[in-house]
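Right, one structure below, let's go through it.
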Amino acid sequence: HNRNTSKPLNRFLTSVCVLLLAAGSVNAQSAQVKNAAKSTFKLTAYDSNGNATSSTCGVFVTADGEAIGSWSALSSAASAVVTDFNGKTYPVQKLIGANEIYDVCRFKVGTQKAQAATLAKALMPKDSKLWLVGSEQKKPTAAQYEIERQETFMDKYGYYVLAFRDSQGIPGSAMVNANGELVGLFQSAPSAVDARYAAQLKFDALTINNPLYTSSGIRLQLPADKKDAQLMVMFAADKGDSAKYAGYISDYISQFPHDVDGYSMDALRRVNYGDYAGADSQMQTALKQATNKAEAHSEYSRVMYQKLVYSNDSLYNDWTLDRAYNEAEKAYKLDAQPAYQHRMAQILYTKGEYQKAYDMFDALTKTPICNSEIFFEAAQCKTQLGAPNEQVLVLLDSCVARCPQPLTTVSAPYILTRGQLRDAMKDYRGALTDYNTYDTLMFGRASADFYYTRYTCEVNLRQYQQALNDIAHAAVVAQPDMRPPYLAELASLQLRVNKLEDAVKTADLCLNLDPKSTDALVIKGVALNALKRKAEAIECLKKAAELGDKRGDEYIKKYSSK
């Protein structure tokens with residue numbers, strides 16, 4: 001693609017959008033061809049430092065500023081502007097659609113008063129004449145080309161190969177027929193791509209995940225459908241570009257000014273970097289602008305609650321759990337939705353009002369929104385109230401029974417919690433069943449603490465081989481500072497099941513990481529003595545005793561008396 005990077009040519013392009021070709025003076029063309037030039041513009045792209053990276057052309061296709069041009073000009077641009085026929089400059093605001101194969105794109109320019117080109121309705125046949133139009137110092141320019149070959153794609157669009165001329169056009173320039181109708185966009189082959197194809201391009205919500213299009217610093221236009229627009233904003237949040245994400249939220253609010261979601265998304269964004277006053281102001285605006293006032297109060301409560309639960313900031317005192325509860329209560333009074341009552345129950349739990357919270361969760365189990373989470377939260381309340389384990393287990397059983405099938409990682413915490421309760425109740429087989437299900441749901445990538453927990457359960461069931469595997473795995477996946485204790489535990493079980501040589505080797509691994517591990521020294525000493533290597537055993541036990549472990553002296557006395 002021609003980026004026209006030489007300095008003389010750049011100077012030339014500051015006043016000329018399309019070079020006036022030798023053949024075909026504009027004076028010989030129809031008034032329609034001359035008029036078509038008024039819909040063209042120069043497109044200048046810039047990098048993040050404000051340096052111009054390319055200068056091409058484009059054409060307005062709607063009066064409110066939709067335009068088409070070369071995708072290569074905008075594909076990696078940080079920003080871009082257009083300079084219209086009258087010399088006025090406007091920013092490129094949004095990308096609407098693009099195709100890198102044909103090097104065309106559709107975008108929105110920041111003007112509501114553009115002179116739009118009229119699109120040709122039919123394909124142009126071979127040997128037809130086209131005029132490449134543009135402007136030079138507000139004067140129309142045109143040059144005549146002839147179609148050497150026409151290729152059809154997608155059954156209705158044309159790709160035109162033009163007869164060669166000893167002249168040059170600029171990518172993105174308008175090519176029109178004798179009636180001044182826009183047929184295509186010029187490419188440097190020389191060729192032209194059907195303008196109708198470029199004018200219908202549009203992104204969907206998932207396009208934001210395609211690096212081909214998101215490499216541009218210019219935001220994509222949100223879909224017209226609200227759910228699709230929400231999805232695109234949600235994906236934008238994961239891209240790590242905070243400025244772009246803020247822009248997408250702003251676009252959403254402009255596009256759906258009476259929907260509370262835009263305001264709550266922006267409030268949560270502000271909360272994430274500590275602008276609580278700004279977040280509060282945005283939610284106050286939501287209360288005024290949102291059509292659904294109940295939802296606005298509920299979202300206000302949610303924003304406050306998330307800050308109060310997940311932020312350690314203590315300087316902003318305007319938001320309290322009581323205020324969050326009051327907003328949720330206002331929502332419920334306006335529209336008695338169980339979801340609003342659910343928020344109220346969660347806030348009561350966080351406030352420590354466990355009995356009131358339990359009563360509300362219990363009531364919610366009899367509503368259409370009853371799900372695993374509500375039973376789980378009710379079980380947490382019972383635990384905090386000191387209820388018998390049997391009562392808590394009934395709630396957790398109901399929680400697990402309502403998990404969607406097949407089970408996913410979303411249900412994993414519920415399974416684990418029930419397993420831990422069964423473990424505490426000495427129902428080791430039931431606990432192990434839950435632990436195994438949890439490990440499967442986590443794809444074998446659970447924490448070291450989990451594998452230690454399952455290890456102790458397996459030891460209680462005398463399933464020693466499984467226990468050895470789990471404590472060894474815990475040592476592998478643990479943080480470095482926790483590996484010595486897990487290795488010592490492994491060595492201890494190896495000693496217990498009479499794997500004496502393994503116990504010595506594991507104890508040595510532990511001592512390599514932590515030479516002062518008295519557990520490893522004692523285990524190694526006991527294992528060596530059992531292997532009839534008494535002198536080495538006594539040496540290990542002496543080191544343990546010197547480090548202050550009384551077991552060292554006790555074992556030395558025991559072995560010395562024999």
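Order determines the names: the first chain of the structure tokens is A, the second B, and so forth; residues in each chain are numbered 1 upward, and ligands are numbered 1 upward as they are shown.
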
Q) In range 151-209 of chain A, what's strand (DSSP E or B) per DSSP? Answer as a VMD selection string? A) chain A and resid 151 to 153 157 to 162 174 to 176 182 to 187 191 to 194

Q: Pick out the residues sitting within 12 Å of range 533-538 of chain A, and hand them over as number ranges by chain; count only C-alpha atoms, and ignore anything fewer than 2 positions along from it in its own chain.
A: A: 500-501, 504, 520-531, 540-545, 551-560, 562

Residues from last step as file, N, CA and C atoms, as a CSV table (one decimal), in the first residue's frame:
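Writing done, so here's result_16.csv:
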chain,number,residue,atom,x,y,z
A,500,LEU,N,11.6,-46.9,53.9
A,500,LEU,CA,12.6,-46.2,54.6
A,500,LEU,C,13.6,-45.5,53.7
A,501,GLU,N,14.1,-46.1,52.7
A,501,GLU,CA,15.0,-45.5,51.7
A,501,GLU,C,14.4,-44.2,51.2
A,504,VAL,N,14.4,-41.4,53.7
A,504,VAL,CA,15.8,-40.7,53.8
A,504,VAL,C,16.0,-39.8,52.6
A,520,ALA,N,12.7,-32.9,59.4
A,520,ALA,CA,13.4,-33.8,58.5
A,520,ALA,C,14.6,-34.5,59.1
A,521,LEU,N,15.3,-33.8,60.0
A,521,LEU,CA,16.4,-34.5,60.7
A,521,LEU,C,15.9,-35.6,61.6
A,522,VAL,N,14.8,-35.4,62.3
A,522,VAL,CA,14.3,-36.5,63.2
A,522,VAL,C,13.8,-37.7,62.3
A,523,ILE,N,13.1,-37.4,61.3
A,523,ILE,CA,12.5,-38.5,60.4
A,523,ILE,C,13.7,-39.2,59.8
A,524,LYS,N,14.7,-38.5,59.3
A,524,LYS,CA,15.8,-39.2,58.7
A,524,LYS,C,16.6,-40.0,59.7
A,525,GLY,N,16.7,-39.5,60.9
A,525,GLY,CA,17.4,-40.3,62.0
A,525,GLY,C,16.7,-41.5,62.3
A,526,VAL,N,15.3,-41.5,62.4
A,526,VAL,CA,14.6,-42.7,62.7
A,526,VAL,C,14.6,-43.7,61.6
A,527,ALA,N,14.6,-43.2,60.3
A,527,ALA,CA,14.6,-44.1,59.2
A,527,ALA,C,16.0,-44.7,59.1
A,528,LEU,N,17.1,-44.0,59.3
A,528,LEU,CA,18.4,-44.6,59.3
A,528,LEU,C,18.6,-45.6,60.3
A,529,ASN,N,18.1,-45.4,61.5
A,529,ASN,CA,18.2,-46.4,62.6
A,529,ASN,C,17.5,-47.7,62.2
A,530,ALA,N,16.3,-47.5,61.6
A,530,ALA,CA,15.6,-48.7,61.1
A,530,ALA,C,16.3,-49.5,60.0
A,531,LEU,N,17.2,-48.7,59.3
A,531,LEU,CA,18.0,-49.3,58.2
A,531,LEU,C,19.3,-49.9,58.8
A,540,CYS,N,22.2,-37.4,62.9
A,540,CYS,CA,21.1,-36.6,62.5
A,540,CYS,C,20.3,-36.1,63.8
A,541,LEU,N,20.1,-37.0,64.7
A,541,LEU,CA,19.4,-36.7,65.9
A,541,LEU,C,20.1,-35.7,66.8
A,542,LYS,N,21.4,-35.7,66.8
A,542,LYS,CA,22.2,-34.7,67.5
A,542,LYS,C,22.0,-33.3,66.9
A,543,LYS,N,22.0,-33.3,65.6
A,543,LYS,CA,21.8,-32.0,64.9
A,543,LYS,C,20.4,-31.4,65.3
A,544,ALA,N,19.4,-32.3,65.3
A,544,ALA,CA,18.0,-31.9,65.7
A,544,ALA,C,18.0,-31.3,67.1
A,545,ALA,N,18.7,-32.0,68.0
A,545,ALA,CA,18.8,-31.6,69.4
A,545,ALA,C,19.5,-30.3,69.6
A,551,ARG,N,12.9,-34.0,70.7
A,551,ARG,CA,12.8,-35.3,70.1
A,551,ARG,C,14.1,-35.9,69.8
A,552,GLY,N,15.1,-35.1,69.4
A,552,GLY,CA,16.4,-35.6,69.1
A,552,GLY,C,17.1,-36.3,70.3
A,553,ASP,N,17.0,-35.7,71.5
A,553,ASP,CA,17.6,-36.3,72.7
A,553,ASP,C,16.8,-37.5,73.1
A,554,GLU,N,15.5,-37.5,73.0
A,554,GLU,CA,14.7,-38.6,73.3
A,554,GLU,C,15.0,-39.9,72.5
A,555,TYR,N,15.2,-39.6,71.2
A,555,TYR,CA,15.5,-40.8,70.3
A,555,TYR,C,16.9,-41.3,70.6
A,556,ILE,N,17.8,-40.3,70.9
A,556,ILE,CA,19.2,-40.7,71.1
A,556,ILE,C,19.3,-41.6,72.4
A,557,LYS,N,18.5,-41.2,73.5
A,557,LYS,CA,18.5,-42.1,74.7
A,557,LYS,C,17.9,-43.4,74.4
A,558,LYS,N,16.8,-43.4,73.6
A,558,LYS,CA,16.1,-44.7,73.2
A,558,LYS,C,17.1,-45.6,72.5
A,559,TYR,N,17.8,-45.1,71.5
A,559,TYR,CA,18.6,-45.9,70.7
A,559,TYR,C,19.9,-46.3,71.4
A,560,SER,N,20.4,-45.4,72.3
A,560,SER,CA,21.6,-45.7,73.0
A,560,SER,C,21.5,-46.8,74.0
A,562,LYS,N,19.8,-49.5,73.7
A,562,LYS,CA,19.7,-50.8,73.1
A,562,LYS,C,21.0,-51.4,72.7

Can you check which parts of range 421-509 of chain A lie within 10 Å of range 391-400 of chain A? Per residue, the shortest pair of atoms and distance in Å to one decimal, counting only C-alpha atoms, sorted by chain and number, as JSON lines.
{"residue": "A:Leu421", "atom": "CA", "partner": "A:Leu393", "partner_atom": "CA", "distance": 7.2}
{"residue": "A:Arg422", "atom": "CA", "partner": "A:Leu393", "partner_atom": "CA", "distance": 7.9}
{"residue": "A:Met425", "atom": "CA", "partner": "A:Leu393", "partner_atom": "CA", "distance": 9.8}

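Assigned to helix (DSSP H, G or I) in range 54-229 of chain A, given DSSP computed from backbone atoms, are Trp71, Ser72, Ala73, Leu74, Ala195, Arg196, Tyr197, Ala198, Ala199, Ala205, Leu206, Thr207, Ile208, Asn209, Pro211, Leu212, Tyr213, Thr214, Lys226, Lys227, Asp228 and Ala229 of chain A.
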
Q. What's the 10 Å shell around Asp359 in chain A, counting only C-alpha atoms, without same-chain residues fewer than 3 positions away, as a list in words?
A. Ala345, Tyr354, Gln355, Lys356, Asp362, Ala363, Leu364, Ala378 and Cys381 of chain A

Q | Residues near Asp514 in chain A, cut-off 10 Å, only C-alpha atoms, skip fewer than 6 positions along chain, as a list in words | A | Asp481, Arg483, Pro484, Pro485, Asp508 and Ala520 of chain A

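Using only C-alpha atoms, the shortest contact distance between Ser128 in chain A and any of A:Arg496, A:Arg219, A:Arg343, A:Arg149 is found at A:Arg149.
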
Q: Considering only C-alpha atoms, return as an MDAnalysis selection string whatever protein or nucleic-acid residues lie within 6 Å of Cys57 in chain A, sequence-local ones (same chain, fewer than 3 positions apart) excluded.
A: chainID A and resid 41:43 172:173

Q | Surrounding residues of Lys156 in chain A excluding itself and chain neighbours under 6 positions, 10 Å, only C-alpha atoms, as a PyMOL selection string | A | chain A and resi 122-123+194+196-197

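Here CA of Phe203 in chain A and CA of Leu231 in chain A stand 12.7 Å from one another.
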
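If only C-alpha atoms are the atoms counted, then among A:Ala478, A:Ile249, A:Leu416, A:Ile369 the closest residue to Arg402 in chain A is A:Ile369.
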
Can I get the residues of range 242-273 of chain A within 12 Å of range 93-103 of chain A, each with the closest pair of atoms and their distance in Å to one decimal, using only C-alpha atoms, sorted chain first then ascending number, as a tab-separated table?
residue	atom	partner	partner_atom	distance
A:Lys244	CA	A:Lys94	CA	11.5
A:Gly247	CA	A:Lys94	CA	10.5
A:Tyr248	CA	A:Lys94	CA	10.2
A:Asp251	CA	A:Lys94	CA	9.8

File dump, residues just selected, C-alpha atoms, as a tab-separated table (two decimals), in the first residue's frame:
chain	number	residue	atom	x	y	z
A	244	LYS	CA	-9.84	2.87	25.18
A	247	GLY	CA	-13.98	5.58	25.58
A	248	TYR	CA	-16.11	2.50	24.94
A	251	ASP	CA	-19.80	5.57	23.68
